[in-house]
>>> print(open('entry-v3.txt').read())   # compact mmCIF, C-alpha atoms and all ligand atoms
# COMPACT_ATOMS: atom_id res chain seq x y z
CA MET A 1 83.03 130.72 127.45
CA LYS A 2 82.16 134.02 125.71
CA VAL A 3 78.67 135.51 125.63
CA LEU A 4 77.55 138.19 123.20
CA VAL A 5 74.43 140.22 124.00
CA ILE A 6 72.93 141.90 120.93
CA GLY A 7 70.63 144.83 121.85
CA ALA A 8 71.56 146.90 124.89
CA GLY A 9 68.04 148.00 125.80
CA ASN A 10 66.30 147.37 129.13
CA MET A 11 66.41 143.62 128.85
CA GLY A 12 69.76 143.12 127.12
CA LEU A 13 71.54 145.27 129.69
CA THR A 14 69.66 143.55 132.53
CA TYR A 15 71.11 140.19 131.46
CA ALA A 16 74.58 141.60 130.67
CA GLU A 17 74.69 143.18 134.13
CA GLY A 18 73.26 140.07 135.78
CA MET A 19 75.98 137.93 134.22
CA SER A 20 78.63 140.45 135.18
CA LYS A 21 77.50 140.76 138.83
CA SER A 22 77.21 136.99 139.21
CA ARG A 23 80.92 136.67 138.41
CA LEU A 24 80.02 133.70 136.22
CA LEU A 25 81.95 135.36 133.44
CA LYS A 26 84.97 137.65 133.41
CA LYS A 27 84.59 141.12 131.92
CA LYS A 28 86.43 140.20 128.71
CA ASN A 29 84.02 137.30 128.19
CA ILE A 30 80.88 139.48 128.11
CA MET A 31 80.44 141.34 124.83
CA VAL A 32 77.56 143.74 124.24
CA LEU A 33 76.61 145.11 120.82
CA ASP A 34 74.10 147.81 119.93
CA LYS A 35 73.49 149.73 116.74
CA SER A 36 72.33 152.92 118.44
CA GLU A 37 75.11 155.52 118.82
CA VAL A 38 73.66 156.81 122.08
CA LYS A 39 73.64 153.31 123.55
CA LEU A 40 77.19 152.69 122.37
CA GLU A 41 78.41 155.80 124.15
CA GLU A 42 76.68 154.61 127.36
CA LEU A 43 78.17 151.12 126.92
CA ASN A 44 81.65 152.50 126.47
CA GLN A 45 81.34 154.24 129.83
CA MET A 46 80.42 151.03 131.61
CA ASP A 47 83.45 149.04 132.59
CA HIS A 48 82.03 145.59 133.30
CA PHE A 49 81.82 144.37 129.71
CA ASP A 50 83.24 145.08 126.23
CA ALA A 51 81.11 147.14 123.84
CA PHE A 52 80.96 146.48 120.10
CA GLU A 53 79.33 148.15 117.15
CA LYS A 54 80.20 145.74 114.34
CA LEU A 55 78.85 142.20 114.16
CA ASP A 56 82.03 140.98 112.40
CA ASP A 57 84.12 141.91 115.45
CA CYS A 58 82.16 139.89 118.00
CA VAL A 59 79.77 137.29 116.51
CA PRO A 60 82.52 134.83 115.45
CA GLU A 61 84.06 135.07 118.96
CA ALA A 62 80.89 134.13 120.87
CA ASP A 63 79.89 130.72 122.21
CA ILE A 64 76.45 132.00 123.14
CA ILE A 65 74.62 134.79 121.30
CA PHE A 66 71.92 136.42 123.38
CA ILE A 67 69.35 138.27 121.24
CA ALA A 68 67.54 141.14 122.98
CA VAL A 69 66.31 143.39 120.16
CA LYS A 70 62.64 144.09 119.46
CA PRO A 71 60.93 141.32 117.47
CA TYR A 72 60.51 143.56 114.41
CA HIS A 73 64.31 143.88 114.16
CA ALA A 74 64.82 140.10 114.30
CA GLU A 75 64.74 139.24 110.62
CA ALA A 76 67.26 141.90 109.51
CA LEU A 77 69.58 141.00 112.39
CA PHE A 78 69.43 137.25 111.69
CA LYS A 79 70.18 137.82 108.00
CA ALA A 80 73.18 139.95 108.98
CA ILE A 81 74.64 137.39 111.38
CA LYS A 82 74.06 134.36 109.14
CA PRO A 83 77.39 134.61 107.24
CA LEU A 84 79.27 135.01 110.56
CA VAL A 85 77.89 132.16 112.69
CA LYS A 86 79.27 128.66 113.35
CA PRO A 87 77.14 125.51 113.90
CA GLN A 88 78.24 125.00 117.54
CA GLN A 89 77.05 128.45 118.63
CA ILE A 90 73.93 128.70 120.80
CA ILE A 91 71.32 131.41 120.32
CA ILE A 92 69.26 132.54 123.30
CA SER A 93 66.38 134.73 122.14
CA ILE A 94 64.16 136.65 124.54
CA MET A 95 62.10 138.18 121.73
CA ALA A 96 58.37 137.80 122.26
CA GLY A 97 56.66 135.76 119.57
CA VAL A 98 59.77 134.83 117.53
CA THR A 99 59.70 131.05 117.13
CA ILE A 100 62.58 128.57 117.24
CA ALA A 101 61.68 127.40 113.70
CA SER A 102 61.99 130.92 112.30
CA ILE A 103 65.35 131.50 114.07
CA LYS A 104 66.65 128.18 112.69
CA GLU A 105 65.43 128.99 109.22
CA ILE A 106 67.01 132.43 108.92
CA THR A 107 70.30 131.85 110.78
CA GLY A 108 70.90 128.25 109.75
CA LEU A 109 71.81 127.50 113.39
CA GLU A 110 70.26 124.56 115.25
CA LYS A 111 71.02 125.16 118.92
CA ILE A 112 68.28 127.60 119.88
CA VAL A 113 66.85 128.64 123.26
CA ARG A 114 63.67 130.70 123.35
CA ALA A 115 63.15 132.47 126.65
CA MET A 116 60.51 134.73 128.18
CA PRO A 117 61.71 136.95 131.03
CA ASN A 118 59.74 139.37 133.16
CA LEU A 119 60.33 142.86 134.51
CA PRO A 120 61.64 142.02 138.02
CA ALA A 121 64.71 140.59 136.24
CA GLN A 122 65.94 144.18 136.48
CA ILE A 123 66.39 143.75 140.24
CA GLY A 124 67.51 140.12 140.18
CA LYS A 125 64.01 138.83 141.04
CA GLY A 126 62.88 137.83 137.57
CA LEU A 127 61.32 134.66 136.29
CA THR A 128 62.51 133.43 132.91
CA SER A 129 60.75 130.50 131.30
CA TYR A 130 62.64 128.87 128.45
CA VAL A 131 62.41 126.09 125.92
CA ILE A 132 65.30 124.50 124.02
CA SER A 133 65.61 122.97 120.58
CA PRO A 134 66.51 119.24 120.71
CA GLU A 135 70.05 120.03 119.44
CA VAL A 136 70.98 121.78 122.73
CA SER A 137 72.81 119.24 124.92
CA ARG A 138 72.19 118.60 128.62
CA ILE A 139 75.45 120.34 129.60
CA GLU A 140 74.69 123.30 127.33
CA THR A 141 71.24 123.56 128.92
CA LEU A 142 72.82 123.78 132.37
CA THR A 143 75.10 126.57 131.15
CA VAL A 144 72.16 128.44 129.61
CA GLU A 145 70.15 128.04 132.80
CA SER A 146 72.97 129.41 134.93
CA LEU A 147 73.14 132.48 132.68
CA LEU A 148 69.36 133.03 132.85
CA ASP A 149 69.44 132.54 136.63
CA THR A 150 71.72 135.57 137.01
CA THR A 151 68.54 137.71 136.84
CA GLY A 152 66.41 135.57 139.19
CA LYS A 153 64.92 132.13 138.67
CA SER A 154 64.28 130.17 135.51
CA ILE A 155 62.09 127.25 134.56
CA GLN A 156 62.49 125.00 131.54
CA VAL A 157 59.23 124.23 129.74
CA SER A 158 58.64 121.46 127.24
CA ASN A 159 57.16 123.35 124.29
CA GLU A 160 56.76 126.80 122.79
CA GLN A 161 53.05 127.00 123.56
CA LEU A 162 54.05 127.11 127.23
CA ILE A 163 56.28 130.11 126.48
CA ASP A 164 53.17 131.96 125.22
CA ALA A 165 51.30 130.69 128.28
CA SER A 166 54.02 131.95 130.61
CA THR A 167 53.64 135.35 128.94
CA GLY A 168 50.09 135.28 130.33
CA ILE A 169 51.25 134.37 133.84
CA SER A 170 54.78 135.59 134.66
CA GLY A 171 55.52 137.84 131.65
CA SER A 172 52.51 140.13 131.98
CA GLY A 173 51.87 139.08 135.60
CA PRO A 174 53.73 141.92 137.35
CA ALA A 175 51.15 144.31 135.81
CA TYR A 176 48.30 142.25 137.34
CA VAL A 177 49.91 142.71 140.76
CA PHE A 178 50.29 146.46 140.11
CA TYR A 179 46.59 146.57 139.12
CA PHE A 180 45.56 144.97 142.42
CA MET A 181 47.92 147.29 144.35
CA GLN A 182 46.53 150.37 142.58
CA SER A 183 42.94 149.40 143.49
CA MET A 184 43.88 148.81 147.12
CA MET A 185 45.72 152.15 147.27
CA GLU A 186 42.67 153.91 145.85
CA ALA A 187 40.49 152.22 148.50
CA ALA A 188 42.94 153.33 151.22
CA LEU A 189 42.82 156.93 149.95
CA GLN A 190 39.00 156.83 149.96
CA MET A 191 39.10 155.58 153.56
CA GLY A 192 41.07 158.70 154.54
CA PHE A 193 44.72 157.66 154.49
CA SER A 194 47.31 159.96 152.90
CA LYS A 195 49.08 158.96 149.67
CA ASN A 196 52.23 157.99 151.59
CA GLU A 197 50.30 156.02 154.17
CA SER A 198 48.31 154.22 151.44
CA THR A 199 51.55 153.29 149.64
CA VAL A 200 53.17 151.87 152.78
CA LEU A 201 50.00 150.02 153.84
CA VAL A 202 49.65 148.34 150.47
CA SER A 203 53.28 147.62 149.57
CA GLN A 204 54.12 146.13 152.98
CA THR A 205 50.92 144.05 152.87
CA PHE A 206 51.90 142.64 149.47
CA SER A 207 55.51 141.89 150.32
CA GLY A 208 54.53 140.45 153.74
CA ALA A 209 51.87 138.15 152.27
CA VAL A 210 54.18 136.93 149.51
CA GLU A 211 57.01 136.30 152.00
CA LEU A 212 54.60 134.40 154.28
CA PHE A 213 53.53 132.27 151.32
CA ASN A 214 57.14 131.65 150.23
CA GLN A 215 58.18 130.56 153.72
CA SER A 216 55.40 127.98 154.07
CA ASN A 217 54.08 124.94 152.26
CA LEU A 218 50.51 126.22 152.30
CA SER A 219 48.50 127.02 149.17
CA PRO A 220 46.95 130.49 148.75
CA ASN A 221 43.56 128.86 149.47
CA SER A 222 44.82 127.43 152.78
CA TRP A 223 46.20 130.83 153.76
CA MET A 224 42.84 132.43 152.96
CA GLU A 225 41.07 129.86 155.15
CA LYS A 226 43.57 130.56 157.94
CA VAL A 227 43.03 134.33 157.95
CA ALA A 228 39.28 134.44 157.25
CA SER A 229 37.16 133.51 160.26
CA LYS A 230 33.40 133.02 159.88
CA GLY A 231 31.54 136.32 160.19
CA GLY A 232 34.84 138.29 160.28
CA THR A 233 36.22 141.17 158.23
CA THR A 234 38.43 139.16 155.85
CA ARG A 235 35.53 136.78 155.13
CA ALA A 236 33.40 139.81 154.21
CA ALA A 237 36.03 140.91 151.66
CA LEU A 238 36.56 137.42 150.21
CA ASP A 239 32.79 136.85 149.95
CA SER A 240 32.48 140.15 148.10
CA MET A 241 35.23 139.04 145.65
CA ASP A 242 33.50 135.67 145.14
CA ASP A 243 30.11 137.33 144.60
CA ASN A 244 31.71 139.49 141.91
CA ASN A 245 33.42 136.53 140.27
CA ILE A 246 36.86 138.14 140.61
CA SER A 247 38.71 134.81 140.39
CA GLU A 248 37.17 134.01 136.98
CA LEU A 249 37.89 137.55 135.76
CA ILE A 250 41.57 137.23 136.71
CA LYS A 251 41.80 133.92 134.84
CA GLU A 252 40.11 135.54 131.84
CA ALA A 253 42.69 138.36 131.91
CA ALA A 254 45.60 135.89 132.01
CA PHE A 255 44.13 134.02 129.04
CA ALA A 256 43.69 137.33 127.17
CA ALA A 257 47.48 137.89 127.49
CA PHE A 258 48.19 134.26 126.49
CA ASN A 259 45.95 134.56 123.40
CA ARG A 260 47.54 137.88 122.45
CA ALA A 261 51.01 136.29 122.70
CA VAL A 262 49.86 133.55 120.30
CA GLU A 263 48.45 136.16 117.90
CA LEU A 264 51.66 138.25 118.01
CA GLY A 265 53.67 135.10 117.28
CA LYS A 266 51.72 134.59 114.05
CA GLU A 267 52.67 138.10 112.91
CA HIS A 268 56.42 137.26 112.87
N1 LIG A 301 60.80 144.63 128.54
C1 LIG A 301 60.25 143.50 129.01
O1 LIG A 301 59.68 143.42 130.12
C2 LIG A 301 60.33 142.24 128.18
C3 LIG A 301 59.75 141.07 128.67
C4 LIG A 301 59.85 139.92 127.90
C5 LIG A 301 60.51 139.97 126.67
N2 LIG A 301 61.04 141.13 126.22
C6 LIG A 301 61.72 141.13 124.92
O2 LIG A 301 63.01 141.68 125.08
C7 LIG A 301 63.42 142.25 123.84
C8 LIG A 301 64.11 143.57 124.12
O3 LIG A 301 63.20 144.47 124.73
P1 LIG A 301 63.70 145.86 125.31
O4 LIG A 301 62.54 146.47 125.98
O5 LIG A 301 64.97 145.66 126.06
O6 LIG A 301 64.03 146.63 123.90
P2 LIG A 301 64.76 148.00 123.66
O7 LIG A 301 64.88 148.78 124.91
O8 LIG A 301 64.19 148.61 122.42
O9 LIG A 301 66.28 147.54 123.30
C9 LIG A 301 66.66 146.97 122.10
C10 LIG A 301 67.99 147.61 121.67
O10 LIG A 301 68.48 146.87 120.55
C11 LIG A 301 68.92 147.80 119.54
N3 LIG A 301 68.89 147.13 118.25
C12 LIG A 301 67.86 146.97 117.39
N4 LIG A 301 68.27 146.30 116.29
C13 LIG A 301 69.58 146.01 116.47
C14 LIG A 301 70.55 145.35 115.68
N5 LIG A 301 70.26 144.86 114.48
N6 LIG A 301 71.79 145.24 116.17
C15 LIG A 301 72.10 145.76 117.37
N7 LIG A 301 71.23 146.42 118.17
C16 LIG A 301 69.98 146.54 117.72
C17 LIG A 301 67.95 148.94 119.67
O11 LIG A 301 68.43 150.11 119.05
P3 LIG A 301 67.34 151.18 118.48
O12 LIG A 301 66.68 151.76 119.68
O13 LIG A 301 68.21 152.14 117.73
O14 LIG A 301 66.40 150.41 117.62
C18 LIG A 301 67.85 149.08 121.19
O15 LIG A 301 68.92 149.84 121.71
C19 LIG A 301 62.17 142.38 122.96
O16 LIG A 301 62.25 141.48 121.89
C20 LIG A 301 61.02 142.00 123.88
O17 LIG A 301 60.05 141.25 123.19
C21 LIG A 301 60.98 142.27 126.95
>>> encode(input="entry-v3.txt", output="structure tokens", more="lines below")
Ligand SMILES: NC(=O)c1ccc[n+]([C@@H]2O[C@H](COP(=O)([O-])OP(=O)(O)OC[C@H]3O[C@@H](n4cnc5c(N)ncnc54)[C@H](OP(=O)(O)O)[C@@H]3O)[C@@H](O)[C@H]2O)c1
Amino acid sequence: MKVLVIGAGNMGLTYAEGMSKSRLLKKKNIMVLDKSEVKLEELNQMDHFDAFEKLDDCVPEADIIFIAVKPYHAEALFKAIKPLVKPQQIIISIMAGVTIASIKEITGLEKIVRAMPNLPAQIGKGLTSYVISPEVSRIETLTVESLLDTTGKSIQVSNEQLIDASTGISGSGPAYVFYFMQSMMEAALQMGFSKNESTVLVSQTFSGAVELFNQSNLSPNSWMEKVASKGGTTRAALDSMDDNNISELIKEAAFAAFNRAVELGKEH
């Protein structure tokens, strides 16, 4: 199996490197193409995949074509690859807002996977949600999933609306966590801790709590009940959050991202 990644930016390289490190594919079976000369020079210095600058030299060779360019480059790219593609080839697109119908229409291909990754993919801790067109077989889906899993975990969803929804949860989600961390660090600074102390206090608290959650079967609510005793310090903080309706505000923020993803999709 040969995989071609088109677009060697943050995300394209993340997947190319993930596939390479996983040893799922040999070096000669990972092809990476970019149109930027600077990127091509960088690619040529990396030795774990083959770099290409011309579509004609790599598109016909690929079993799976992984598209990682910005959405506004999609149309021109699809028009350029159309004369080179074969019906059995699978396209995996990670472009936000570009629908399966539009990819089918411009490329003429039928086997399409639309995926939505998130930033921690860069360190192998990503979450990619994906949806497939009905023409992708069960075996092909397993292959696609194993490629996506090289950057973390993946989940298959049943329709494209859930891809926009996952943008609101996992796609934009890392920024919500950073927002919470930033506020807690600011509180720590105001309490008198140094910047370094505030960073350690907050980052270890986050990773510890998440690890605790991951190693148990308890819901976040159950954990909150466990740590918050009546009249205690944690209860005081949680009551303050409830009084300020923080839970509803977080849900509203996630829906704002979801709605924006839907809007952006209509622009392509
Ligand atoms: N970053 C994220 O967290 C994230 C999350 C979810 C989804 N995504 C999606 O991932 C995609 C890639 O994002 P990114 O941040 O990695 O973008 P990026 O850093 O801009 O990388 C895209 C690369 O593709 C090149 N390119 C553009 N058109 C091309 C073409 N026709 N042929 C070959 N190469 C071409 C670009 O070159 P130039 O610079 O010369 O244009 C650039 O080097 C986007 O569609 C985005 O929606 C990103």
>>> residues_near_ligand(input="entry-v3.txt", ligand="ligand LIG 301 (chain A)", cutoff="6 Å", atoms="only C-alpha atoms and all ligand atoms", output="number ranges by chain")
A: 6-12, 33-36, 68-71, 73, 77, 94-96, 116-119
>>> atom_distance(input="entry-v3.txt", atom1="atom CA of Met224 of chain A", atom2="atom CA of Asp243 of chain A")
16.0 Å
>>> closest_atom_pairs(input="entry-v3.txt", of="segment 74-151 of chain A", to="segment 160-172 of chain A", cutoff="10 Å", atoms="all atoms listed in the file", output="JSON lines")
{"residue": "A:Ala96", "atom": "CA", "partner": "A:Asp164", "partner_atom": "CA", "distance": 8.4}
{"residue": "A:Gly97", "atom": "CA", "partner": "A:Asp164", "partner_atom": "CA", "distance": 7.7}
{"residue": "A:Thr99", "atom": "CA", "partner": "A:Glu160", "partner_atom": "CA", "distance": 7.7}
{"residue": "A:Ile100", "atom": "CA", "partner": "A:Glu160", "partner_atom": "CA", "distance": 8.2}
{"residue": "A:Arg114", "atom": "CA", "partner": "A:Glu160", "partner_atom": "CA", "distance": 8.0}
{"residue": "A:Ala115", "atom": "CA", "partner": "A:Ile163", "partner_atom": "CA", "distance": 7.3}
{"residue": "A:Met116", "atom": "CA", "partner": "A:Ile163", "partner_atom": "CA", "distance": 6.5}
{"residue": "A:Pro117", "atom": "CA", "partner": "A:Gly171", "partner_atom": "CA", "distance": 6.3}
{"residue": "A:Asn118", "atom": "CA", "partner": "A:Gly171", "partner_atom": "CA", "distance": 4.7}
{"residue": "A:Leu119", "atom": "CA", "partner": "A:Gly171", "partner_atom": "CA", "distance": 7.5}
{"residue": "A:Pro120", "atom": "CA", "partner": "A:Gly171", "partner_atom": "CA", "distance": 9.8}
{"residue": "A:Gly126", "atom": "CA", "partner": "A:Ser170", "partner_atom": "CA", "distance": 8.9}
{"residue": "A:Leu127", "atom": "CA", "partner": "A:Ser170", "partner_atom": "CA", "distance": 6.8}
{"residue": "A:Thr128", "atom": "CA", "partner": "A:Ser170", "partner_atom": "CA", "distance": 8.2}
{"residue": "A:Ser129", "atom": "CA", "partner": "A:Ile163", "partner_atom": "CA", "distance": 6.6}
{"residue": "A:Tyr130", "atom": "CA", "partner": "A:Ile163", "partner_atom": "CA", "distance": 6.8}
{"residue": "A:Val131", "atom": "CA", "partner": "A:Glu160", "partner_atom": "CA", "distance": 6.5}
{"residue": "A:Ile132", "atom": "CA", "partner": "A:Glu160", "partner_atom": "CA", "distance": 8.9}
{"residue": "A:Ser133", "atom": "CA", "partner": "A:Glu160", "partner_atom": "CA", "distance": 9.9}
>>> closest_residue(input="entry-v3.txt", among="A:Asp242, A:Asp50, A:Glu186, A:Glu61", to="Ser20 of chain A", atoms="only C-alpha atoms")
A:Asp50
>>> residues_around(input="entry-v3.txt", residues="Ser137 of chain A", least_positions_apart="6", cutoff="12 Å", atoms="only C-alpha atoms", output="short mmCIF file (atom, residue, chain, number, x, y, z; two decimals) with C-alpha atoms, keeping the file's coordinate frame")
data_model
loop_
_atom_site.label_atom_id
_atom_site.label_comp_id
_atom_site.auth_asym_id
_atom_site.auth_seq_id
_atom_site.Cartn_x
_atom_site.Cartn_y
_atom_site.Cartn_z
CA GLN A 88 78.24 125.00 117.54
CA GLN A 89 77.05 128.45 118.63
CA ILE A 90 73.93 128.70 120.80
CA GLU A 110 70.26 124.56 115.25
CA LYS A 111 71.02 125.16 118.92
CA ILE A 112 68.28 127.60 119.88
CA VAL A 113 66.85 128.64 123.26
CA THR A 143 75.10 126.57 131.15
CA VAL A 144 72.16 128.44 129.61
#
>>> residues_around(input="entry-v3.txt", residues="segment 196-209 of chain A", least_positions_apart="2", cutoff="8 Å", atoms="all atoms listed in the file", output="compact mmCIF listing (two decimals) with C-alpha atoms, keeping the file's coordinate frame")
# COMPACT_ATOMS: atom_id res chain seq x y z
CA MET A 181 47.92 147.29 144.35
CA MET A 184 43.88 148.81 147.12
CA MET A 185 45.72 152.15 147.27
CA GLU A 186 42.67 153.91 145.85
CA ALA A 188 42.94 153.33 151.22
CA LEU A 189 42.82 156.93 149.95
CA PHE A 193 44.72 157.66 154.49
CA SER A 194 47.31 159.96 152.90
CA GLU A 211 57.01 136.30 152.00
CA LEU A 212 54.60 134.40 154.28
CA PHE A 213 53.53 132.27 151.32
>>> closest_residue(input="entry-v3.txt", among="A:Ile65, A:Ser222, A:Pro174, A:Gln156", to="Arg138 of chain A", atoms="all atoms listed in the file")
A:Gln156
>>> atom_distance(input="entry-v3.txt", atom1="atom CA of Ile30 of chain A", atom2="atom CA of Glu140 of chain A")
17.3 Å
>>> build_atoms(input="entry-v3.txt", residues="segment 128-139 of chain A", atoms="N, CA and C atoms", output="compact mmCIF listing (two decimals), in the coordinates of the input")
# COMPACT_ATOMS: atom_id res chain seq x y z
N THR A 128 62.35 133.67 134.35
CA THR A 128 62.51 133.43 132.91
C THR A 128 62.08 132.00 132.61
N SER A 129 61.08 131.86 131.75
CA SER A 129 60.75 130.50 131.30
C SER A 129 61.48 130.30 129.97
N TYR A 130 61.91 129.08 129.71
CA TYR A 130 62.64 128.87 128.45
C TYR A 130 62.39 127.48 127.91
N VAL A 131 62.55 127.38 126.59
CA VAL A 131 62.41 126.09 125.92
C VAL A 131 63.62 125.94 125.00
N ILE A 132 64.09 124.70 124.85
CA ILE A 132 65.30 124.50 124.02
C ILE A 132 64.96 123.68 122.78
N SER A 133 65.75 123.87 121.74
CA SER A 133 65.61 122.97 120.58
C SER A 133 66.33 121.67 120.94
N PRO A 134 65.94 120.54 120.32
CA PRO A 134 66.51 119.24 120.71
C PRO A 134 68.03 119.18 120.54
N GLU A 135 68.59 120.06 119.71
CA GLU A 135 70.05 120.03 119.44
C GLU A 135 70.87 120.58 120.60
N VAL A 136 70.23 121.24 121.58
CA VAL A 136 70.98 121.78 122.73
C VAL A 136 71.21 120.63 123.72
N SER A 137 72.50 120.39 124.06
CA SER A 137 72.81 119.24 124.92
C SER A 137 72.44 119.53 126.37
N ARG A 138 72.50 118.47 127.19
CA ARG A 138 72.19 118.60 128.62
C ARG A 138 73.15 119.60 129.30
N ILE A 139 74.44 119.45 128.98
CA ILE A 139 75.45 120.34 129.60
C ILE A 139 75.24 121.78 129.14
